[in-house]
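Student: So I've got this file, start-v2.cif, and it contains mmCIF, C-alpha atoms and all ligand atoms:
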data_target
loop_
_atom_site.label_atom_id
_atom_site.label_comp_id
_atom_site.auth_asym_id
_atom_site.auth_seq_id
_atom_site.Cartn_x
_atom_site.Cartn_y
_atom_site.Cartn_z
CA ARG P 240 0.19 9.80 6.32
CA ALA P 241 -2.79 11.05 4.42
CA LYS P 242 -5.26 8.39 3.59
CA GLU P 243 -8.11 8.60 1.11
CA LEU P 244 -11.03 6.79 2.58
CA GLY P 245 -13.80 8.09 0.40
CA PRO P 246 -16.55 10.59 1.11
CA GLY P 247 -17.68 11.15 4.66
CA ASN P 248 -14.68 9.41 6.06
CA TYR P 249 -11.97 10.37 8.40
CA HIS P 250 -8.80 12.02 7.19
CA PHE P 251 -5.55 11.87 8.95
CA PHE P 252 -3.43 15.00 8.67
CA ASN P 253 0.33 14.77 8.46
CA ASP P 254 1.22 18.38 7.89
CA ASP P 255 1.27 19.30 11.54
CA ILE P 256 2.59 16.91 14.15
CA ASN P 257 0.79 18.65 16.96
CA ARG P 258 -2.44 18.47 15.19
CA CYS P 259 -1.75 14.84 14.39
CA THR P 260 -1.24 14.05 18.08
CA GLN P 261 -4.43 15.89 18.91
CA GLU P 262 -6.29 13.94 16.27
CA LYS P 263 -4.98 10.71 17.71
CA LEU P 264 -6.03 11.66 21.21
CA HIS P 265 -9.42 12.59 19.90
CA VAL P 266 -9.83 9.27 18.10
CA GLU P 267 -8.55 7.49 21.21
CA LEU P 268 -11.27 9.14 23.28
CA LEU P 269 -14.02 8.32 20.80
CA LEU P 270 -12.73 4.76 20.59
CA HIS P 271 -12.85 4.46 24.35
CA LYS P 272 -16.48 5.55 24.27
CA ALA P 273 -17.24 3.16 21.41
CA VAL P 274 -15.83 0.24 23.40
CA GLU P 275 -17.83 1.16 26.49
CA GLU P 276 -21.01 1.58 24.51
CA GLU P 277 -20.41 -1.63 22.53
CA GLN P 278 -20.32 0.20 19.23
CA LEU P 279 -17.54 -1.86 17.71
CA GLN P 280 -18.64 -4.56 15.30
CA LEU P 281 -17.15 -7.84 14.23
CA TRP P 282 -17.47 -8.63 10.53
CA PHE P 283 -16.63 -11.90 8.83
CA GLN P 284 -14.88 -12.74 5.58
CA PRO P 285 -15.12 -16.25 4.10
CA ILE P 286 -12.03 -18.44 3.64
CA VAL P 287 -12.47 -21.27 1.14
CA ASP P 288 -10.68 -24.36 -0.06
CA VAL P 289 -8.77 -23.54 -3.27
CA GLU P 290 -9.46 -26.90 -4.89
CA SER P 291 -13.20 -27.19 -4.19
CA GLY P 292 -14.19 -23.60 -3.47
CA GLU P 293 -15.95 -24.81 -0.32
CA LEU P 294 -16.16 -22.71 2.81
CA VAL P 295 -13.74 -23.74 5.54
CA SER P 296 -13.51 -20.80 7.87
CA ALA P 297 -13.92 -17.06 8.19
CA GLU P 298 -11.75 -14.25 9.47
CA ALA P 299 -13.25 -11.96 12.09
CA LEU P 300 -12.46 -8.32 11.32
CA LEU P 301 -13.16 -5.29 13.50
CA ARG P 302 -15.33 -2.49 12.17
CA TRP P 303 -16.06 0.85 13.76
CA HIS P 304 -18.57 3.42 12.62
CA ASP P 305 -18.52 6.68 14.51
CA GLN P 306 -21.14 9.41 14.13
CA GLU P 307 -18.52 12.08 13.68
CA LEU P 308 -15.70 10.17 11.94
CA GLY P 309 -17.74 7.82 9.77
CA TRP P 310 -16.21 4.42 9.06
CA VAL P 311 -12.72 4.39 10.50
CA ASP P 312 -10.05 2.31 8.74
CA PRO P 313 -9.26 -0.70 10.99
CA GLU P 314 -5.54 -0.39 10.38
CA HIS P 315 -5.76 3.17 11.64
CA PHE P 316 -7.76 2.60 14.81
CA VAL P 317 -6.10 -0.71 15.65
CA GLU P 318 -2.76 1.10 15.56
CA ILE P 319 -4.12 3.79 17.86
CA ALA P 320 -5.54 1.14 20.17
CA GLU P 321 -2.16 -0.59 20.25
CA THR P 322 -0.34 2.59 21.22
CA SER P 323 -2.89 3.52 23.85
CA GLY P 324 -3.16 0.02 25.30
CA GLN P 325 -6.89 -0.22 24.50
CA ILE P 326 -6.19 -3.16 22.20
CA ASN P 327 -6.00 -5.45 25.20
CA THR P 328 -9.60 -4.83 26.17
CA ILE P 329 -10.77 -4.69 22.56
CA GLY P 330 -8.96 -7.95 21.80
CA LEU P 331 -10.77 -9.73 24.64
CA TRP P 332 -14.09 -8.48 23.33
CA VAL P 333 -13.19 -9.77 19.85
CA LEU P 334 -12.37 -13.20 21.28
CA ARG P 335 -15.64 -13.41 23.19
CA ARG P 336 -17.71 -12.37 20.18
CA ALA P 337 -15.87 -14.87 17.98
CA GLU P 338 -16.50 -17.55 20.60
CA PHE P 339 -20.20 -16.67 20.57
CA TYR P 340 -20.56 -16.84 16.79
CA SER P 341 -18.42 -19.93 16.51
CA LYS P 342 -20.69 -21.87 18.87
CA ARG P 343 -23.81 -20.50 17.25
CA TRP P 344 -22.82 -21.23 13.64
CA ARG P 345 -21.25 -24.59 14.33
CA ALA P 346 -24.43 -25.70 16.08
CA LYS P 347 -26.71 -24.23 13.45
CA PHE P 348 -25.01 -24.97 10.17
CA PHE P 349 -21.70 -26.57 9.88
CA ASN P 350 -19.78 -28.32 12.60
CA GLU P 351 -16.32 -28.01 11.03
CA LEU P 352 -16.46 -24.23 10.67
CA SER P 353 -13.52 -22.45 12.21
CA LEU P 354 -13.12 -18.74 12.88
CA ALA P 355 -9.87 -16.80 12.75
CA VAL P 356 -9.21 -13.90 15.08
CA ASN P 357 -6.42 -11.31 14.83
CA VAL P 358 -4.29 -10.91 17.94
CA SER P 359 -1.87 -8.01 18.42
CA VAL P 360 1.65 -8.46 19.71
CA ASN P 361 0.75 -6.30 22.74
CA GLN P 362 -1.84 -8.82 23.87
CA PHE P 363 0.87 -11.40 24.46
CA HIS P 364 2.29 -9.11 27.14
CA ASP P 365 -1.02 -9.01 29.02
CA SER P 366 -1.97 -12.06 31.07
CA ARG P 367 -5.64 -11.53 30.29
CA LEU P 368 -5.17 -12.99 26.81
CA PHE P 369 -4.14 -16.41 28.01
CA ALA P 370 -6.69 -16.29 30.84
CA GLU P 371 -9.45 -15.70 28.27
CA VAL P 372 -8.22 -18.46 25.98
CA LYS P 373 -8.15 -20.79 28.97
CA ARG P 374 -11.64 -19.69 30.00
CA ILE P 375 -12.98 -20.44 26.50
CA TYR P 376 -11.32 -23.85 26.66
CA ASP P 377 -12.65 -24.60 30.17
CA ASP P 378 -16.19 -23.61 29.21
CA SER P 379 -16.10 -25.85 26.17
CA GLN P 380 -14.82 -28.75 28.30
CA ARG P 381 -17.53 -28.20 30.88
CA LEU P 382 -20.24 -28.34 28.24
CA ASN P 383 -18.38 -31.08 26.46
CA ASP P 384 -20.43 -30.53 23.34
CA ASN P 385 -19.32 -30.84 19.76
CA GLU P 386 -20.16 -27.20 19.20
CA ALA P 387 -17.20 -26.02 21.23
CA PRO P 388 -15.55 -23.06 19.50
CA ARG P 389 -12.95 -23.76 16.87
CA LEU P 390 -10.75 -20.74 16.93
CA GLU P 391 -7.56 -19.84 15.17
CA LEU P 392 -5.38 -16.97 16.35
CA GLU P 393 -3.65 -14.89 13.70
CA ILE P 394 -0.31 -13.57 14.87
CA THR P 395 2.35 -11.64 12.98
CA GLU P 396 5.99 -12.26 12.26
CA ARG P 397 6.76 -9.33 14.52
CA LEU P 398 5.71 -11.42 17.53
CA LEU P 399 8.17 -14.15 16.61
CA LEU P 400 10.94 -11.67 15.92
CA SER P 401 11.55 -11.23 19.63
CA ASP P 402 12.27 -14.94 19.71
CA SER P 403 11.63 -14.98 23.42
CA GLU P 404 11.20 -18.23 25.25
CA ARG P 405 8.25 -16.77 27.12
CA ILE P 406 6.33 -16.03 23.92
CA ARG P 407 7.08 -19.47 22.54
CA GLN P 408 5.86 -21.07 25.75
CA GLN P 409 2.65 -19.08 25.58
CA LEU P 410 2.07 -20.13 21.98
CA ASN P 411 2.68 -23.75 22.96
CA ASP P 412 0.18 -23.46 25.81
CA ILE P 413 -2.42 -21.99 23.47
CA ARG P 414 -1.88 -24.82 21.01
CA LYS P 415 -2.24 -27.39 23.78
CA LEU P 416 -5.73 -26.04 24.47
CA GLY P 417 -6.69 -26.87 20.90
CA PHE P 418 -6.48 -23.41 19.32
CA GLU P 419 -4.70 -23.11 16.00
CA LEU P 420 -2.14 -20.46 15.14
CA SER P 421 -1.44 -18.78 11.84
CA ILE P 422 1.08 -16.22 10.71
CA ASP P 423 -0.67 -13.25 9.15
CA ASP P 424 0.80 -11.02 6.44
CA PHE P 425 3.48 -13.64 5.85
CA GLY P 426 6.44 -12.29 3.94
CA THR P 427 6.13 -8.66 4.98
CA GLY P 428 8.04 -8.88 8.26
CA TYR P 429 11.75 -9.28 8.34
CA SER P 430 12.12 -12.24 10.55
CA SER P 431 14.38 -15.15 9.90
CA LEU P 432 12.51 -18.13 8.54
CA SER P 433 14.02 -20.38 11.19
CA TYR P 434 11.22 -19.45 13.59
CA LEU P 435 8.90 -21.57 11.46
CA LYS P 436 10.71 -24.65 12.73
CA ARG P 437 10.54 -23.67 16.37
CA CYS P 438 7.13 -22.08 16.71
CA PRO P 439 4.01 -24.18 16.93
CA VAL P 440 2.12 -22.58 14.04
CA ASN P 441 -0.31 -24.44 11.76
CA THR P 442 -0.75 -22.03 8.88
CA VAL P 443 0.89 -19.20 6.98
CA LYS P 444 -1.23 -16.52 5.36
CA ILE P 445 0.58 -15.06 2.35
CA ASP P 446 0.20 -11.30 2.40
CA LYS P 447 -2.05 -9.83 -0.26
CA SER P 448 0.77 -7.71 -1.69
CA PHE P 449 2.24 -10.94 -3.14
CA ILE P 450 -1.09 -12.06 -4.57
CA GLN P 451 -2.31 -8.90 -6.20
CA GLY P 452 -0.09 -8.86 -9.31
CA LEU P 453 -0.62 -12.55 -10.04
CA PRO P 454 -0.35 -14.32 -12.38
CA GLU P 455 1.49 -11.80 -14.62
CA ASP P 456 4.00 -10.61 -12.02
CA ARG P 457 6.78 -13.19 -12.45
CA GLU P 458 8.62 -12.26 -9.26
CA ASN P 459 5.55 -12.60 -7.08
CA ALA P 460 4.58 -15.79 -8.90
CA THR P 461 8.01 -17.22 -8.03
CA LEU P 462 7.74 -16.11 -4.41
CA VAL P 463 4.24 -17.51 -3.94
CA THR P 464 5.24 -20.83 -5.51
CA ALA P 465 8.26 -21.03 -3.20
CA ILE P 466 6.32 -20.09 -0.06
CA VAL P 467 3.72 -22.80 -0.73
CA ALA P 468 6.43 -25.43 -1.31
CA MET P 469 8.36 -24.39 1.78
CA ALA P 470 5.25 -24.33 3.99
CA HIS P 471 4.16 -27.76 2.77
CA GLY P 472 7.65 -29.07 3.42
CA LEU P 473 7.20 -27.96 7.02
CA ASN P 474 3.69 -29.44 7.22
CA LEU P 475 2.01 -26.08 7.32
CA LYS P 476 -1.17 -25.06 5.52
CA VAL P 477 -1.15 -22.01 3.28
CA ILE P 478 -3.83 -19.34 2.88
CA ALA P 479 -3.60 -16.73 0.14
CA GLU P 480 -4.99 -13.33 1.14
CA GLY P 481 -6.44 -10.69 -1.17
CA VAL P 482 -7.58 -12.95 -4.02
CA GLU P 483 -9.47 -10.65 -6.36
CA SER P 484 -9.72 -12.54 -9.67
CA GLU P 485 -10.44 -15.85 -11.31
CA ALA P 486 -6.92 -15.83 -12.81
CA GLN P 487 -5.39 -15.56 -9.35
CA TRP P 488 -7.52 -18.47 -8.17
CA THR P 489 -6.37 -20.56 -11.15
CA PHE P 490 -2.76 -19.75 -10.36
CA LEU P 491 -3.24 -20.74 -6.70
CA LYS P 492 -4.74 -24.07 -7.82
CA GLN P 493 -1.71 -24.72 -9.98
CA VAL P 494 0.73 -24.16 -7.13
CA ASN P 495 -1.36 -26.23 -4.67
CA CYS P 496 -2.17 -23.43 -2.26
CA ASP P 497 -4.65 -24.82 0.30
CA LEU P 498 -7.01 -21.99 1.16
CA MET P 499 -7.85 -18.52 -0.06
CA GLN P 500 -9.60 -15.37 1.00
CA GLY P 501 -10.41 -12.23 -0.93
CA PHE P 502 -12.98 -10.05 -2.63
CA HIS P 503 -13.29 -12.61 -5.45
CA VAL P 504 -14.62 -15.09 -2.91
CA GLY P 505 -16.47 -12.71 -0.63
CA ARG P 506 -16.03 -9.39 1.12
CA PRO P 507 -16.05 -8.99 4.88
CA MET P 508 -19.69 -8.71 5.99
CA PRO P 509 -21.65 -8.06 9.18
CA ALA P 510 -22.35 -11.14 11.29
CA GLU P 511 -26.04 -11.16 10.28
CA ASP P 512 -25.10 -11.18 6.60
CA PHE P 513 -22.55 -13.91 7.13
CA GLU P 514 -25.26 -15.91 8.87
CA SER P 515 -27.57 -15.45 5.87
CA PHE P 516 -24.70 -16.48 3.60
CA LEU P 517 -24.31 -19.64 5.71
CA SER P 518 -28.02 -20.38 5.65
CA GLU P 519 -28.05 -20.16 1.84
CA GLN P 520 -25.40 -22.86 1.68
CA TYR P 521 -26.32 -25.16 4.53
CA THR P 522 -29.60 -26.44 5.83
CA GLU P 523 -30.02 -25.58 9.47
CA ARG P 524 -29.19 -28.49 11.71
CA CYS P 525 -31.59 -27.42 14.41
P1 LIG P 601 -5.42 -8.52 8.12
O1 LIG P 601 -5.58 -9.32 9.37
O2 LIG P 601 -4.30 -8.87 7.23
O3 LIG P 601 -6.83 -8.64 7.39
C1 LIG P 601 -6.99 -8.76 6.02
C2 LIG P 601 -7.34 -7.42 5.42
O4 LIG P 601 -7.40 -7.56 4.01
C3 LIG P 601 -8.71 -6.92 5.85
O5 LIG P 601 -8.63 -5.51 5.94
C4 LIG P 601 -9.59 -7.32 4.67
O6 LIG P 601 -10.76 -6.56 4.54
C5 LIG P 601 -8.64 -7.09 3.53
N1 LIG P 601 -8.98 -7.86 2.34
C6 LIG P 601 -9.54 -9.09 2.27
N2 LIG P 601 -9.65 -9.50 1.00
C7 LIG P 601 -9.15 -8.51 0.23
C8 LIG P 601 -9.00 -8.34 -1.20
O7 LIG P 601 -9.35 -9.19 -2.02
N3 LIG P 601 -8.43 -7.18 -1.62
C9 LIG P 601 -8.04 -6.21 -0.74
N4 LIG P 601 -7.51 -5.11 -1.24
N5 LIG P 601 -8.18 -6.34 0.61
C10 LIG P 601 -8.73 -7.47 1.08
P2 LIG P 601 -9.30 -4.71 7.13
O8 LIG P 601 -10.57 -5.36 7.53
O9 LIG P 601 -9.31 -3.29 6.72
O10 LIG P 601 -8.30 -4.92 8.33
C11 LIG P 601 -7.01 -4.37 8.27
C12 LIG P 601 -6.14 -4.88 9.36
O11 LIG P 601 -6.61 -4.44 10.64
C13 LIG P 601 -6.11 -6.41 9.48
O12 LIG P 601 -5.28 -6.95 8.50
C14 LIG P 601 -5.57 -6.56 10.88
O13 LIG P 601 -4.19 -6.39 10.89
C15 LIG P 601 -6.23 -5.39 11.60
N6 LIG P 601 -7.40 -5.89 12.33
C16 LIG P 601 -8.68 -6.06 11.92
N7 LIG P 601 -9.45 -6.58 12.90
C17 LIG P 601 -8.63 -6.77 13.96
C18 LIG P 601 -8.81 -7.30 15.29
O14 LIG P 601 -9.89 -7.77 15.70
N8 LIG P 601 -7.71 -7.31 16.12
C19 LIG P 601 -6.48 -6.84 15.69
N9 LIG P 601 -5.46 -6.87 16.55
N10 LIG P 601 -6.28 -6.36 14.45
C20 LIG P 601 -7.33 -6.33 13.60
MG MG P 602 -5.67 -11.27 9.74
MG MG P 603 -3.20 -10.27 6.56
MG MG P 604 -2.71 -6.54 7.39
#
Please express the file's structure as structure tokens.
Tutor:
Amino acid sequence: RAKELGPGNYHFFNDDINRCTQEKLHVELLLHKAVEEEQLQLWFQPIVDVESGELVSAEALLRWHDQELGWVDPEHFVEIAETSGQINTIGLWVLRRAEFYSKRWRAKFFNELSLAVNVSVNQFHDSRLFAEVKRIYDDSQRLNDNEAPRLELEITERLLLSDSERIRQQLNDIRKLGFELSIDDFGTGYSSLSYLKRCPVNTVKIDKSFIQGLPEDRENATLVTAIVAMAHGLNLKVIAEGVESEAQWTFLKQVNCDLMQGFHVGRPMPAEDFESFLSEQYTERC
């Protein structure tokens, strides 16, 4: 799978499987080093209310810049990290950073702010995920302050496909600790919709592939309208991903979509920039 990432970026060769494996091993090694040396970054992309345009939350997104490879596409290195098992450690780091910024920004600017974190399927097969979620909960109880982190975990339909009782129990336990759950890339998996009834999710995030042709693309317009109606019927909130134009926003208003995220609203940005963005909108509370 050749991927154009622009000048100075990393290219992934598909003409030679051996070479491809070597490349992967090489990236895996560099990634390992990056984790140890704390070179991964967490960026944030605003999520706003469709009706009012007001900020509600932000999605935390991994970024990695390597001296040799340049900026590496997150989909690429997350996939490598999933295959190698590194995602478990990386995922814990992501949770801790998100916890840190959540407390900081809620205290400083805006107490209702929530942050969304992506969690890989693999992490649900490692007990450290739940232990970390529990630790975050316990710490917030101990401090008992109103700046306790508000975190939302983004999972994928693939996780629910297994339909295992163990996974469902884990999701229930996470919910009981006050974390929210959303289904990322909704509509791209091939799961049966019946899981929506059984799993304790709060939100569906409509995949950007459904949003991008709107409003002209009649088929996608029909699908998006139906997804919003179905989700609302099940008491779920809906976020539209990949909103790039005013016309798409207008369409989402018409179909009563709750929240949206996309380049039209704001691009993912480094934590410092997101903090400046917050300070332009809110007066510091302390
Ligand atoms: P995702 O969770 O579906 O994240 C949304 C992706 O859409 C992000 O890509 C974001 O930059 C991009 N995006 C947002 N608005 C727009 C828009 O208006 N137009 C377009 N074309 N794209 C938009 P990104 O940052 O490259 O991340 C790709 C994927 O990598 C994520 O998809 C997620 O699956 C994975 N990922 C990123 N960070 C993490 C992480 O901390 N943990 C795990 N497990 N996966 C992560
Ligand atoms: Mg996501
Ligand atoms: Mg998504
Ligand atoms: Mg995605």
Student: Quick one: residues within 12 Å of ligand MG 603 (chain P), with all atoms listed in the file, as number ranges by chain?
Tutor: P: 284, 298-300, 314, 355-358, 393-396, 421-428, 443-450, 478-482, 499-501
Student: Choose the residue, out of P:Ala470, P:Cys438, P:Val317, P:Leu420, that has the smallest atom-to-atom separation from ligand MG 604 (chain P); count only C-alpha atoms and all ligand atoms.
Tutor: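 When distances to ligand MG 604 (chain P) are compared using only C-alpha atoms and all ligand atoms, the smallest one comes from P:Val317.
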Student: I want to know what sits within 12 Å of Arg343 of chain P, based on all atoms listed in the file, with residues of the same chain fewer than 6 positions away left out; could you give that as a PyMOL selection string?
Tutor: chain P and resi 336-337+349-350+352-354+385-389+510-511+514+517+523-525
Student: If you keep C-alpha atoms, can you produce a file of those selected residues as a compact mmCIF listing (two decimals), in the coordinates of the input?
Tutor:
# COMPACT_ATOMS: atom_id res chain seq x y z
CA ARG P 336 -17.71 -12.37 20.18
CA ALA P 337 -15.87 -14.87 17.98
CA PHE P 349 -21.70 -26.57 9.88
CA ASN P 350 -19.78 -28.32 12.60
CA LEU P 352 -16.46 -24.23 10.67
CA SER P 353 -13.52 -22.45 12.21
CA LEU P 354 -13.12 -18.74 12.88
CA ASN P 385 -19.32 -30.84 19.76
CA GLU P 386 -20.16 -27.20 19.20
CA ALA P 387 -17.20 -26.02 21.23
CA PRO P 388 -15.55 -23.06 19.50
CA ARG P 389 -12.95 -23.76 16.87
CA ALA P 510 -22.35 -11.14 11.29
CA GLU P 511 -26.04 -11.16 10.28
CA GLU P 514 -25.26 -15.91 8.87
CA LEU P 517 -24.31 -19.64 5.71
CA GLU P 523 -30.02 -25.58 9.47
CA ARG P 524 -29.19 -28.49 11.71
CA CYS P 525 -31.59 -27.42 14.41
Student: So, with all atoms listed in the file as the atoms that count, which of P:Leu308, P:Val477, P:Ile375, P:Val467 lies closest to Leu270 of chain P?
Tutor: P:Leu308
Student: Considering only C-alpha atoms, return as a PyMOL selection string whatever protein or nucleic-acid residues lie within 10 Å of Phe490 of chain P, sequence-local ones (same chain, fewer than 4 positions apart) excluded.
Tutor: chain P and resi 450+453-455+460+463-464+485-486+494-496
Student: Point out the residue among P:Asp312, P:Asp288, P:Asp377, P:Asp456 with the least atom-to-atom distance to ligand LIG 601 (chain P), counting all atoms listed in the file.
Tutor: P:Asp312
Student: How many Å lie between atom CA of Lys415 of chain P and atom CA of Leu392 of chain P, rounded to one decimal?
Tutor: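 So the two atoms, atom CA of Lys415 of chain P and atom CA of Leu392 of chain P, lie 13.2 Å apart.
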Student: Out of P:Leu334, P:Leu279, P:Ala273, P:Ile466, which residue has the shortest atom-to-atom distance to Asp497 of chain P when counting only C-alpha atoms?
Tutor: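 Result for the nearest residue to Asp497 of chain P: P:Ile466.
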Student: For the atom pair atom C1 of ligand LIG 601 (chain P) and atom CA of Arg405 of chain P, what is the interatomic distance in Å to one decimal place?
Tutor: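 Distance reported for this atom pair: 27.2 Å.
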Student: Compile the contact shell of Met508 of chain P as a list in words: residues with an atom at most 8 Å away, counting all atoms listed in the file, same-chain residues fewer than 3 positions apart removed.
Tutor: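 Neighbouring residues, sequence-local ones excluded: Trp282, Phe283, Gln284, Asp512 and Phe513 of chain P.
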Student: May I ask for the distance between atom N9 of ligand LIG 601 (chain P) and atom CA of Val295 of chain P, given in Å to one decimal place?
Tutor: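 A separation of 21.8 Å between them.
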Student: Using all atoms listed in the file, find the one residue out of P:Glu318, P:Asp365, P:Asp305, P:Glu293 that sits nearest to Leu269 of chain P.
Tutor: P:Asp305
Student: May I ask which of the residues P:Glu321, P:Glu338, P:Glu391, P:Glu404 is the closest one to ligand LIG 601 (chain P), counting all atoms listed in the file?
Tutor: P:Glu321
Student: Can you tell me which residues surround Arg407 of chain P at a distance of at most 9 Å, considering only C-alpha atoms, apart from same-chain residues fewer than 4 positions away, and format the answer as a ChimeraX atom specification?
Tutor: /P:399,402-403,411-412,437-439
Student: So that I can check the surroundings of Glu483 of chain P, please list as a PDB file with C-alpha atoms, in the frame of the given file every protein, DNA and RNA residue that reaches within 8 Å of it, counting all atoms listed in the file and ignoring chain neighbours fewer than 6 positions away.
Tutor:
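File produced: around_18.pdb:
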ATOM      1  CA  GLN P 451      -2.310  -8.900  -6.200  1.00  0.00           C
ATOM      2  CA  GLY P 501     -10.410 -12.230  -0.930  1.00  0.00           C
ATOM      3  CA  PHE P 502     -12.980 -10.050  -2.630  1.00  0.00           C
ATOM      4  CA  HIS P 503     -13.290 -12.610  -5.450  1.00  0.00           C
ATOM      5  CA  VAL P 504     -14.620 -15.090  -2.910  1.00  0.00           C
TER       6      VAL P 504
END
Student: With all atoms of ligand LIG 601 (chain P) from the file as input, state the centre and edge lengths in Å to one decimal of the axis-aligned box that has 3 Å extra on each side, as lines of an AutoDock Vina configuration file.
Tutor:
center_x = -7.5
center_y = -6.4
center_z = 7.3
size_x = 12.6
size_y = 12.2
size_z = 24.6
